[in-house]
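Undergrad: Structure incoming, see below.
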Amino acid sequence: KTGKVIDWYAGKQYDDDVANAKAALADIGKYYPGADKYEIAGFVWWQGHKDQGEPYAGRYEQNLVNLIKSLRKDFNAPSAPFVLAVGCGNPGRTSFGLQIAEAQLAMNDAPKHPEFAGNVKCVESRDFWREVADSPKNQGYHYNRNAETYMEVGNALGWAMADLLKKQ
């Protein structure tokens, strides 16, 4: 739309999620008995399904850049590694899903996003998609609730984070 330019805003869900996370961290001992401090060591992101359509898919890359910067700022972790799973639950090989996957992969493009070189890593997760016949439920936006998919994506994200943390 045309009109007055405004600052980027992540939205109410972001506000709520950040507030909930900060509340939990402020009372860390309640959730992890004996803990009295914490460190934000990194961020993990696995999302994209709800952005399959316009105008969201066309702005996904720009929004993802802003999201990474916002999370780091809001949690006072300016150099915290950020890993993200590529795909969006369809599994991201056609149409808007592919557009989102390409926007996610752009975070690995150092010339395009030099501020993320060495501290943001995309993990290809589309090959972990399992069809409905191999899954407990036909629910694409939750990867058909396939436990193998969740395990494989989590494992890949964990190894990517370990790699980034080791390089720090």
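Please note that chains go A, B, ... in the order of the structure tokens, that every chain numbers its residues from 1, and that ligands are numbered from 1 in the order shown.
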What residues in chain A get the DSSP label strand (DSSP E or B)? Please answer as a list of chain:residue names.

TA: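 Everything in chain A that counts as strand (DSSP E or B) is A:Phe43, A:Val44, A:Trp45, A:Phe82, A:Val83, A:Leu84, A:Ala85, A:Val86, A:Val120, A:Lys121, A:Cys122, A:Val123, A:Glu124.
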
Undergrad: I'd like to know which residues of range 35-134 of chain A are alpha helix (DSSP H) (by DSSP, run on the backbone); could you write them as a list in words?

TA: Tyr60, Glu61, Gln62, Asn63, Leu64, Val65, Asn66, Leu67, Ile68, Lys69, Ser70, Leu71, Arg72, Lys73, Asp74, Ser95, Phe96, Gly97, Leu98, Gln99, Ile100, Ala101, Glu102, Ala103, Gln104 and Leu105 of chain A

Undergrad: Once you have the residues from the selection above, write them out as a compact mmCIF listing (two decimals), in the first residue's frame, restricted to N, CA and C atoms.

TA:
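Wrote it out as again.txt, contents follow:
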```txt
# COMPACT_ATOMS: atom_id res chain seq x y z
N TYR A 60 8.70 -12.21 2.98
CA TYR A 60 9.24 -13.12 3.99
C TYR A 60 10.71 -12.85 4.27
N GLU A 61 11.50 -12.67 3.25
CA GLU A 61 12.94 -12.45 3.48
C GLU A 61 13.17 -11.19 4.31
N GLN A 62 12.55 -10.09 3.92
CA GLN A 62 12.69 -8.84 4.66
C GLN A 62 12.20 -9.00 6.09
N ASN A 63 11.08 -9.68 6.27
CA ASN A 63 10.54 -9.90 7.61
C ASN A 63 11.46 -10.78 8.45
N LEU A 64 12.06 -11.79 7.83
CA LEU A 64 12.96 -12.68 8.55
C LEU A 64 14.21 -11.93 9.02
N VAL A 65 14.75 -11.08 8.18
CA VAL A 65 15.89 -10.25 8.56
C VAL A 65 15.52 -9.41 9.78
N ASN A 66 14.36 -8.76 9.71
CA ASN A 66 13.91 -7.93 10.83
C ASN A 66 13.65 -8.75 12.09
N LEU A 67 13.12 -9.95 11.92
CA LEU A 67 12.86 -10.82 13.07
C LEU A 67 14.16 -11.19 13.78
N ILE A 68 15.15 -11.60 13.02
CA ILE A 68 16.44 -11.97 13.63
C ILE A 68 17.01 -10.80 14.41
N LYS A 69 17.01 -9.63 13.81
CA LYS A 69 17.53 -8.44 14.48
C LYS A 69 16.71 -8.10 15.72
N SER A 70 15.40 -8.22 15.62
CA SER A 70 14.52 -7.89 16.76
C SER A 70 14.72 -8.84 17.93
N LEU A 71 14.80 -10.14 17.64
CA LEU A 71 15.01 -11.11 18.73
C LEU A 71 16.34 -10.85 19.44
N ARG A 72 17.37 -10.62 18.66
CA ARG A 72 18.67 -10.35 19.27
C ARG A 72 18.63 -9.09 20.13
N LYS A 73 17.95 -8.08 19.64
CA LYS A 73 17.85 -6.83 20.41
C LYS A 73 16.99 -7.03 21.65
N ASP A 74 15.82 -7.62 21.49
CA ASP A 74 14.88 -7.77 22.61
C ASP A 74 15.42 -8.65 23.72
N SER A 95 5.23 -23.17 -5.47
CA SER A 95 4.39 -22.00 -5.21
C SER A 95 4.92 -21.14 -4.06
N PHE A 96 4.02 -20.73 -3.17
CA PHE A 96 4.41 -19.85 -2.07
C PHE A 96 5.37 -20.55 -1.10
N GLY A 97 5.22 -21.87 -0.96
CA GLY A 97 6.15 -22.60 -0.09
C GLY A 97 7.58 -22.51 -0.59
N LEU A 98 7.75 -22.63 -1.89
CA LEU A 98 9.08 -22.49 -2.48
C LEU A 98 9.59 -21.07 -2.32
N GLN A 99 8.73 -20.10 -2.49
CA GLN A 99 9.13 -18.70 -2.31
C GLN A 99 9.63 -18.45 -0.89
N ILE A 100 8.97 -19.04 0.08
CA ILE A 100 9.40 -18.89 1.47
C ILE A 100 10.72 -19.61 1.70
N ALA A 101 10.86 -20.83 1.17
CA ALA A 101 12.12 -21.57 1.32
C ALA A 101 13.28 -20.79 0.72
N GLU A 102 13.07 -20.18 -0.43
CA GLU A 102 14.14 -19.39 -1.05
C GLU A 102 14.48 -18.17 -0.20
N ALA A 103 13.48 -17.56 0.41
CA ALA A 103 13.74 -16.42 1.30
C ALA A 103 14.52 -16.87 2.53
N GLN A 104 14.20 -18.05 3.03
CA GLN A 104 14.94 -18.58 4.18
C GLN A 104 16.39 -18.86 3.79
N LEU A 105 16.58 -19.50 2.65
CA LEU A 105 17.93 -19.81 2.20
C LEU A 105 18.77 -18.56 1.94
```

Undergrad: If we count only C-alpha atoms, what is near Asn108 in chain A at a cut-off of 10 Å, once residues fewer than 2 positions away on the same chain are taken out, given as a PyMOL selection string?

TA: chain A and resi 103-106+110-114+116-123

Undergrad: Using only C-alpha atoms, which of the listed residues (A:Gly34, A:Gly92, A:Gly158, A:Gly42) sits closest to Ala57 in chain A?

TA: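 Under the stated criterion, the closest residue is A:Gly92.
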
Undergrad: Could you check the closest approach to Asn76 in chain A for each of A:Asp109, A:Asp17, A:Glu39, A:Glu54 and tell me which residue wins, using only C-alpha atoms?

TA: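 Smallest distance to Asn76 in chain A is found for A:Glu39.
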
Undergrad: Out of A:Gly53, A:Gly87, A:Gly3, A:Pro78, which residue has the shortest atom-to-atom distance to Val153 in chain A when counting only C-alpha atoms?

TA: A:Gly87

Undergrad: I'd like the contact shell of Ala21 in chain A - 12 Å cut-off, only C-alpha atoms, skipping same-chain residues fewer than 4 positions apart - returned as a PDB file with C-alpha atoms, in the first residue's frame.

TA:
```
ATOM      1  CA  TYR A  14       5.704 -11.749  18.674  1.00  0.00           C
ATOM      2  CA  ASP A  15       4.951  -9.333  21.515  1.00  0.00           C
ATOM      3  CA  ASP A  16       3.130 -12.038  23.474  1.00  0.00           C
ATOM      4  CA  ASP A  17       5.797 -14.687  22.865  1.00  0.00           C
ATOM      5  CA  LEU A  25      13.437 -16.141  32.308  1.00  0.00           C
ATOM      6  CA  ALA A  26      12.786 -13.643  35.105  1.00  0.00           C
ATOM      7  CA  ASP A  27      11.619 -16.566  37.266  1.00  0.00           C
ATOM      8  CA  ILE A  28      14.029 -19.164  35.876  1.00  0.00           C
ATOM      9  CA  TYR A  31      11.092 -23.770  35.684  1.00  0.00           C
ATOM     10  CA  ILE A  40      20.711 -16.588  25.638  1.00  0.00           C
ATOM     11  CA  LEU A  71      15.012 -11.107  18.727  1.00  0.00           C
ATOM     12  CA  ASP A  74      14.880  -7.770  22.609  1.00  0.00           C
ATOM     13  CA  PHE A  75      16.888 -10.445  24.416  1.00  0.00           C
TER      14      PHE A  75
END
```
